[in-house]
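Each remark here refers to the structure printed beneath this line.
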Amino acid sequence: MEHTQIEEKIHPMENLLRMDRIPHIWCPGCGIGNAVSAFAEALDKLEFDLDNVCVVSGIGCTGRVAGYIKVDSFHTTHGRAIPFATGIKLGNPDLKVFVVSGDGDLVSIGGNHFVHAARRNIDLTVILVNNFIYAMTGGQVAPTTPIPAFTTTSPFGNFETPVNVPRLAEAAGAVYVARWTALHMRRLANSIVEAFNTPGFSVVEVISPCAMYYSRTNKLGDGLDMMKFYYENSTIKHGEPTDNLDIDYQKEIIVGKFIHRERPTFSESLKSWQQQDNGQG
Amino acid sequence: MKAEPKGLLKGKHRLTGSQACAEGAFSGGCRFLAYYPIHPSFNIVERFLERSADVDGVFIQMEDEISALAAVLGAAWTGKKTMSITSGPGLAQMMEHIGLGVMLETPCVIIDVQRDGTSEGLPNTAGGGDVMQARWGSHGDYETIVLAPNSPQDMFDLTIRSFSLSEKYRTPVILLTDAGVAQMEGDVTIPDPKNIKMEKRKYYKGKKDSYLPYQYDKKDLVPPMVDISQGYRFHVTGLTHDERGYPVMNEQCQEWNVHRLVNKIRLFSDQIIDIEETYTDDASVVVISYGITSVDALEAVQQARKEGLKVGHLRLRTIWPFPEKKITQLAKRIQGFVVPEINYGQIALEVERCARGDAQTFSIYHPSKNIGQSKNLLKTIKEKVKKIG
């Protein structure tokens with residue numbers, strides 16, 4: 001009896017992912033996996049020597065991303081991925097440094113670092129996965145939770161004004177700001193490429209479902225339902241003023257590229273100013 | 001790391017403790033500083049910034065001390081020797097990253113110029129209240145290396161040693177100084193860069209696909225390091241991790257991990273501990289001191305000797321690891337210890353513990369207003385000697 005020869009296929013992302021760590025820890029229907037796929041696709045498109053790429057994450061569900069990407073990667077402290085990455089970038093300006101973390105990590109506990117890295121224009125590309133909730137700690141209200149969503153710590157519905165991430169990033173000085181939902185895979189990957197190619201502090205927000213807490217607490221169906229809902233209720237409006245980018249509960253989500261501008265980066269400025277002082281400028 | 005003699009000083013210079021510290025950092029190979037402004041540490045920062053262009057140094061003023069130490073850790077993984085400079089309230093903010101530095105095994109140096117606490121305290125006066133903060137401030141179990149200079153020359157020398165120890169043991173090292181020593185002026189002899197001997201970071205040089213970030217050397221328990229972009233594509237985490245650097249959430253791995261982190265310093269503490277003894281051979285009472293207080297203490301002890309009292313002096317150039325064996329041995333043959341500090345008795349507690357009840361321990365509060373007045377100290381020492389004798 002002849003056996004059919006089965007061709008051994010390599011997963012297209014095998015070079016980019018730590019396959020020895022699969023299966024990953026994320027829940028079924030979570031959007032972080034999509035963000036990782038888009039990120040991997042972007043790295044592929046950028047055609048970097050992966051030895052020079054570095055990924056830094058903070059703490060939380062998205063904080064685990066660094067551990068799955070097969071490049072030099074750091075899983076740091078809660079909220080401090082950006083300053084850790086700042087040190088890396090200044091220590092070796094030739095490195096291509098990405099920060100991948102969640103909304104709670106980057107704009108709550110790490111909010112001040114987000115603002116100041118943008119202001120200084122540190123050359124980092126930040127992928128911020130926004131799932132509107134603290135998921136790993138058990139579904140607490142986040143700085144991004146829409147009004148009046150329920151969470152384990154907003155039992156009467158959230159009444160705090162959520163952060164509008166693109167608006168915050170623009171005001172602080174980011175040179176590139178975009179937002180997509182987890183199902184805009186191709187556009188998301190393209191945005192990450194464009195963000196990286198814009199020297200300075202760039203932010204790509206990814207709207208992602210949290211099936212375990214956000215959807216369940218608010219009875220919004222499973223993760224896939226939510227992923228489709230966000231996608232179908234999104235409107236692409238490139239260049240939309242960031243003032244209009246607030247996210248209301250279960251309403252339209254405006255996505256697209258909002259900011260794309262040029263500003264000297266911190267490293268460029270430090271070097272040229274130091275040289276001027278030395279009489280070499 | 002290649003030697004960079006460019007821009008380094010050598011020979012004799014009149015420097016403050018702060019200036020000597022910055023020069024020590026440069027001579028010790030440090031080329032990266034992240035800090036947040038705070039008194040009374042800022043003079044060291046100022047010197048670093050002024051001289052940074054001469055030595056190709058990079059610096060950044062961060063938004064707080066939390067981020068300052070985070071940046072220092074990040075930059076250390078690019079192969080640079082890195083440091084931060086702060087004072088008590090800033091050191092408190094750095095605690096979470098001292099923990100991360102210990103866990104990721106990241107060499108770096110923190111200069112803490114102590115001021116009088118509590119809380120904001122008296123920002124411009126010398127303090128000594130960070131001794132226990134420097135030892136136990138971060139959560140969880142870990143060992144720490146803390147050095148305490150007492151003159152501008154000592155600032156220079158111990159700053160270099162701080163870098164040397166941090167590279168060897170792959171851990172954050174704290175140079176615990178105070179406003180008194182930082183503001184003190186004195187002659188500092190800076191050796192030719194070629195003659196400065198330092199421990200080097202141990203690098204992994206094996207095959208790229210067989211690198212395990214926490215596979216350690218059985219001899220010294222320190223795993224060899226790699227820099228970012230050397231092609232090893234490593235992962236490290238602040239979570240409990242295995243040899244691969246991957247998080248493993250069980251007690252067994254926790255023990256494997258923390259045991260070694262503690263032992264890589266605890267078992268080698270004899271090589272780290274540095275003390276200076278004066279007149280201890282025949283002493284019946286030994287004064288133990290460190291930092292600015294040790295200047296007054298030694299003077300008082302010398303005067304006491306002139307007056308015929310059998311008093312000795314033991315100065316801690318390293319505070320942590322604590323010279324436990326030395327104190328225990330001394331306690332067996334002397335009557336008591338006198339411990340003057342600019343705090344209400346932090347090291348005194350440690351001395352008392354190590355004396356095991358064989359000798360009495362007296363804590364002396366030597367506030368910053370008494371600095372430079374060894375007579376006050378002498379008086380108190382005499383009182384204690386009388387009590388013990």
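Just remember, in the structure tokens the first chain shown is A, the second B, etc., residues are 1-based per chain, and ligands are 1-based in the order shown.
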Practice task
Apply DSSP to the backbone of this structure and, from region 301-350 of chain B, keep only the residues in helix (DSSP H, G or I); write these as a list in words.
Solution key: Val301, Gln302, Gln303, Ala304, Arg305, Lys306, Glu324, Lys325, Lys326, Ile327, Thr328, Gln329, Leu330, Ala331, Lys332, Arg333, Ile347, Ala348, Leu349 and Glu350 of chain B
Export of prior selection with C-alpha atoms as a CSV table (one decimal), in the first residue's frame:
chain,number,residue,atom,x,y,z
B,301,VAL,CA,38.2,57.6,68.3
B,302,GLN,CA,41.7,59.0,67.7
B,303,GLN,CA,41.1,61.6,70.4
B,304,ALA,CA,39.8,58.9,72.7
B,305,ARG,CA,42.9,56.9,72.2
B,306,LYS,CA,45.0,59.9,73.0
B,324,GLU,CA,28.1,39.8,59.9
B,325,LYS,CA,31.0,37.4,60.6
B,326,LYS,CA,33.3,40.3,61.5
B,327,ILE,CA,30.8,41.8,64.0
B,328,THR,CA,30.0,38.4,65.6
B,329,GLN,CA,33.7,37.7,66.0
B,330,LEU,CA,34.4,41.1,67.5
B,331,ALA,CA,31.5,40.8,69.9
B,332,LYS,CA,33.0,37.7,71.5
B,333,ARG,CA,36.1,39.7,72.6
B,347,ILE,CA,22.7,49.9,61.2
B,348,ALA,CA,22.7,49.8,65.0
B,349,LEU,CA,19.9,47.2,64.8
B,350,GLU,CA,22.0,45.1,62.4
Handout entry: For Tyr68 (chain A): contacts at 10 Å, only C-alpha atoms, fewer than 2 positions along chain excluded, given as a ChimeraX atom specification
Key = /A:16-24,36,55,64-66,70-71,73 /B:235,246
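Around Pro367 (chain B), within 12 Å and counting only C-alpha atoms, the residues found are Arg115, Asp116, Gly117, Leu122, Thr125, Ala126, Gly127, Gly128, Gly129, Gly180, Ile292, Thr293, Asp296, Pro340, Glu341, Ile342, Asn343, Tyr344, Gly345, Gly372, Gln373, Ser374, Asn376 and Leu377 of chain B, once anything fewer than 5 positions away on its own chain is removed.
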Practice task
Write down, as a VMD selection string, each residue of chain A that has any atom within 7 Å of an atom of chain B, counting only C-alpha atoms.
Solution key: chain A and resid 51 to 52 67 70 to 77 80 83 to 88 90 to 92 113 116 274
Filtering to N, CA and C atoms, could you give me those residues as a PDB file, in the first residue's frame?
ATOM      1  N   ASP A  51      17.333  40.654  13.788  1.00  0.00           N
ATOM      2  CA  ASP A  51      18.278  40.765  14.903  1.00  0.00           C
ATOM      3  C   ASP A  51      18.313  42.181  15.472  1.00  0.00           C
ATOM      4  N   ASN A  52      17.907  43.147  14.668  1.00  0.00           N
ATOM      5  CA  ASN A  52      17.955  44.539  15.132  1.00  0.00           C
ATOM      6  C   ASN A  52      16.613  45.063  15.621  1.00  0.00           C
ATOM      7  N   GLY A  67       6.558  38.259  24.714  1.00  0.00           N
ATOM      8  CA  GLY A  67       7.008  36.887  24.918  1.00  0.00           C
ATOM      9  C   GLY A  67       6.744  35.952  23.763  1.00  0.00           C
ATOM     10  N   LYS A  70       9.563  36.457  18.139  1.00  0.00           N
ATOM     11  CA  LYS A  70      10.920  35.911  18.179  1.00  0.00           C
ATOM     12  C   LYS A  70      11.966  36.966  17.799  1.00  0.00           C
ATOM     13  N   VAL A  71      12.053  37.971  18.625  1.00  0.00           N
ATOM     14  CA  VAL A  71      13.135  38.954  18.501  1.00  0.00           C
ATOM     15  C   VAL A  71      13.584  39.226  19.942  1.00  0.00           C
ATOM     16  N   ASP A  72      14.617  40.041  20.123  1.00  0.00           N
ATOM     17  CA  ASP A  72      15.009  40.399  21.484  1.00  0.00           C
ATOM     18  C   ASP A  72      13.822  41.108  22.121  1.00  0.00           C
ATOM     19  N   SER A  73      13.338  40.558  23.238  1.00  0.00           N
ATOM     20  CA  SER A  73      12.069  41.068  23.755  1.00  0.00           C
ATOM     21  C   SER A  73      12.041  41.114  25.275  1.00  0.00           C
ATOM     22  N   PHE A  74      11.337  42.115  25.789  1.00  0.00           N
ATOM     23  CA  PHE A  74      11.324  42.382  27.222  1.00  0.00           C
ATOM     24  C   PHE A  74       9.900  42.490  27.741  1.00  0.00           C
ATOM     25  N   HIS A  75       9.622  41.736  28.784  1.00  0.00           N
ATOM     26  CA  HIS A  75       8.354  41.819  29.491  1.00  0.00           C
ATOM     27  C   HIS A  75       8.689  42.530  30.793  1.00  0.00           C
ATOM     28  N   THR A  76       8.280  43.787  30.924  1.00  0.00           N
ATOM     29  CA  THR A  76       8.841  44.625  31.996  1.00  0.00           C
ATOM     30  C   THR A  76       7.862  44.791  33.158  1.00  0.00           C
ATOM     31  N   THR A  77       7.732  46.018  33.663  1.00  0.00           N
ATOM     32  CA  THR A  77       6.835  46.294  34.788  1.00  0.00           C
ATOM     33  C   THR A  77       5.575  46.985  34.267  1.00  0.00           C
ATOM     34  N   ARG A  80       5.529  50.614  32.415  1.00  0.00           N
ATOM     35  CA  ARG A  80       6.860  51.207  32.187  1.00  0.00           C
ATOM     36  C   ARG A  80       7.527  50.711  30.909  1.00  0.00           C
ATOM     37  N   PRO A  83       9.269  53.892  29.032  1.00  0.00           N
ATOM     38  CA  PRO A  83      10.596  54.337  29.505  1.00  0.00           C
ATOM     39  C   PRO A  83      11.684  53.277  29.357  1.00  0.00           C
ATOM     40  N   PHE A  84      11.346  52.005  29.525  1.00  0.00           N
ATOM     41  CA  PHE A  84      12.344  50.942  29.322  1.00  0.00           C
ATOM     42  C   PHE A  84      12.818  50.976  27.866  1.00  0.00           C
ATOM     43  N   ALA A  85      11.842  51.100  26.956  1.00  0.00           N
ATOM     44  CA  ALA A  85      12.161  51.148  25.523  1.00  0.00           C
ATOM     45  C   ALA A  85      12.939  52.418  25.181  1.00  0.00           C
ATOM     46  N   THR A  86      12.645  53.501  25.905  1.00  0.00           N
ATOM     47  CA  THR A  86      13.377  54.758  25.701  1.00  0.00           C
ATOM     48  C   THR A  86      14.861  54.545  25.962  1.00  0.00           C
ATOM     49  N   GLY A  87      15.166  53.844  27.064  1.00  0.00           N
ATOM     50  CA  GLY A  87      16.563  53.537  27.388  1.00  0.00           C
ATOM     51  C   GLY A  87      17.224  52.720  26.294  1.00  0.00           C
ATOM     52  N   ILE A  88      16.483  51.745  25.781  1.00  0.00           N
ATOM     53  CA  ILE A  88      17.029  50.886  24.717  1.00  0.00           C
ATOM     54  C   ILE A  88      17.342  51.726  23.476  1.00  0.00           C
ATOM     55  N   LEU A  90      17.855  54.971  23.197  1.00  0.00           N
ATOM     56  CA  LEU A  90      18.961  55.914  23.386  1.00  0.00           C
ATOM     57  C   LEU A  90      20.288  55.180  23.542  1.00  0.00           C
ATOM     58  N   GLY A  91      20.230  53.985  24.112  1.00  0.00           N
ATOM     59  CA  GLY A  91      21.448  53.188  24.277  1.00  0.00           C
ATOM     60  C   GLY A  91      22.008  52.729  22.940  1.00  0.00           C
ATOM     61  N   ASN A  92      21.125  52.400  22.027  1.00  0.00           N
ATOM     62  CA  ASN A  92      21.555  51.979  20.691  1.00  0.00           C
ATOM     63  C   ASN A  92      20.552  52.498  19.660  1.00  0.00           C
ATOM     64  N   HIS A 113       4.246  58.467  31.172  1.00  0.00           N
ATOM     65  CA  HIS A 113       5.369  58.101  30.287  1.00  0.00           C
ATOM     66  C   HIS A 113       4.965  58.239  28.819  1.00  0.00           C
ATOM     67  N   HIS A 116       5.068  61.949  27.945  1.00  0.00           N
ATOM     68  CA  HIS A 116       6.402  62.566  27.837  1.00  0.00           C
ATOM     69  C   HIS A 116       7.254  61.958  26.724  1.00  0.00           C
ATOM     70  N   GLN A 274      24.447  68.755  21.347  1.00  0.00           N
ATOM     71  CA  GLN A 274      25.713  68.492  22.038  1.00  0.00           C
ATOM     72  C   GLN A 274      26.878  68.962  21.176  1.00  0.00           C
TER      73      GLN A 274
END
Exercise for the section: For Phe201 (chain A), please output as a PyMOL selection string all residues within 7 Å (counting only C-alpha atoms; exclusion window: fewer than 4 positions along the same chain). Expected result: chain A and resi 118+121-125+174-175
Residues from the last selection, C-alpha atoms, saved as a PDB file, in the first residue's frame:
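Listed below is the output, part-v2.pdb:
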ATOM      1  CA  ALA A 118       5.453  61.677  22.739  1.00  0.00           C
ATOM      2  CA  ASN A 121       9.531  62.479  20.287  1.00  0.00           C
ATOM      3  CA  ILE A 122      11.421  59.354  21.274  1.00  0.00           C
ATOM      4  CA  ASP A 123      11.740  57.182  18.174  1.00  0.00           C
ATOM      5  CA  LEU A 124       9.382  54.373  19.195  1.00  0.00           C
ATOM      6  CA  THR A 125       6.440  52.688  17.498  1.00  0.00           C
ATOM      7  CA  ALA A 174       3.079  62.036  18.496  1.00  0.00           C
ATOM      8  CA  VAL A 175       4.123  62.202  14.830  1.00  0.00           C
TER       9      VAL A 175
END
Exercise for the section: Just the residues within 10 Å of Gln140 (chain A), please, counting only C-alpha atoms, with nothing from its chain fewer than 3 positions along; format it as a ChimeraX atom specification. Expected result: /A:104,132-137,143,145,150-155,213-214
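Counting from CA of Gly31 (chain A), the distance to CA of Met226 (chain A) is 9.6 Å.
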Exercise for the section: Run DSSP on the backbone and give me the residues of region 46-99 of chain A it puts in strand (DSSP E or B), as an NGL selection string. Expected result: :A and (53-57 or 69 or 72-75 or 96-99)
Dump as a JSON list (two decimals), in the first residue's frame, selection limited to C-alpha atoms:
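See out28.json below for the written result:
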[["chain", "number", "residue", "atom", "x", "y", "z"],
["A", 53, "VAL", "CA", 14.32, 44.56, 16.17],
["A", 54, "CYS", "CA", 13.34, 44.83, 19.79],
["A", 55, "VAL", "CA", 9.89, 44.53, 21.39],
["A", 56, "VAL", "CA", 9.03, 45.81, 24.85],
["A", 57, "SER", "CA", 5.77, 45.14, 26.67],
["A", 69, "ILE", "CA", 7.61, 37.53, 19.12],
["A", 72, "ASP", "CA", 15.01, 40.40, 21.48],
["A", 73, "SER", "CA", 12.07, 41.07, 23.75],
["A", 74, "PHE", "CA", 11.32, 42.38, 27.22],
["A", 75, "HIS", "CA", 8.35, 41.82, 29.49],
["A", 96, "LYS", "CA", 14.13, 49.28, 15.72],
["A", 97, "VAL", "CA", 12.12, 49.45, 18.91],
["A", 98, "PHE", "CA", 8.42, 48.60, 19.25],
["A", 99, "VAL", "CA", 6.24, 48.86, 22.32]]
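Straight-line separation from CA of Thr171 (chain B) to CA of Lys218 (chain B): 17.4 Å.
When CA of Thr280 (chain B) is paired with CA of His313 (chain B), their separation reads 6.3 Å.
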Exercise for the section: Pick out the residues sitting within 8 Å of Leu175 (chain B), and hand them over as a PyMOL selection string; count only C-alpha atoms, and ignore anything fewer than 6 positions along from it in its own chain. Expected result: chain B and resi 109-112+146-149+158-159+162
Pull N, CA and C atoms from the residues just selected and write them as a short mmCIF file (atom, residue, chain, number, x, y, z; two decimals), in the first residue's frame.
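Writing done, so here's part.cif:
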data_model
loop_
_atom_site.label_atom_id
_atom_site.label_comp_id
_atom_site.auth_asym_id
_atom_site.auth_seq_id
_atom_site.Cartn_x
_atom_site.Cartn_y
_atom_site.Cartn_z
N VAL B 109 23.98 51.11 38.06
CA VAL B 109 24.36 51.74 39.32
C VAL B 109 23.38 52.85 39.66
N ILE B 110 23.00 52.93 40.94
CA ILE B 110 22.15 54.01 41.43
C ILE B 110 22.96 54.79 42.47
N ILE B 111 23.10 56.09 42.25
CA ILE B 111 23.77 56.93 43.23
C ILE B 111 22.66 57.55 44.08
N ASP B 112 22.69 57.31 45.38
CA ASP B 112 21.70 57.92 46.27
C ASP B 112 22.40 58.87 47.22
N VAL B 146 25.52 47.54 48.47
CA VAL B 146 25.46 48.97 48.77
C VAL B 146 26.81 49.43 49.31
N LEU B 147 27.36 50.48 48.71
CA LEU B 147 28.66 51.01 49.10
C LEU B 147 28.49 52.41 49.70
N ALA B 148 29.38 52.76 50.63
CA ALA B 148 29.23 54.05 51.31
C ALA B 148 30.56 54.82 51.39
N PRO B 149 30.79 55.76 50.49
CA PRO B 149 32.04 56.53 50.49
C PRO B 149 32.04 57.60 51.59
N LEU B 158 34.83 54.43 44.86
CA LEU B 158 33.70 53.53 45.08
C LEU B 158 32.66 53.61 43.96
N THR B 159 32.63 54.73 43.24
CA THR B 159 31.76 54.77 42.06
C THR B 159 32.27 53.76 41.03
N SER B 162 31.43 50.36 42.21
CA SER B 162 30.01 50.07 42.03
C SER B 162 29.75 49.50 40.64
#
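Counting only C-alpha atoms, Phe42 (chain B) has the following residues at most 12 Å away, ignoring those fewer than 5 positions along the same chain: Gly17, Ser18, Gln19, Cys21, Ala22, Tyr35, Tyr36, Pro37, Arg47, Phe48, Leu49, Gln61, Ser84, Ile85, Thr86, Ser87, Gly90, Ile111, Asp112, Val113, Gln114, Pro123, Asn124, Ala179, Ala182 and Gln183 of chain B.
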Exercise for the section: Select, from B:Gln254, B:Ser166, B:Ser119, B:Ser363, the residue with the minimum atom-to-atom distance to Thr380 (chain B), counting only C-alpha atoms. Expected result: B:Ser363
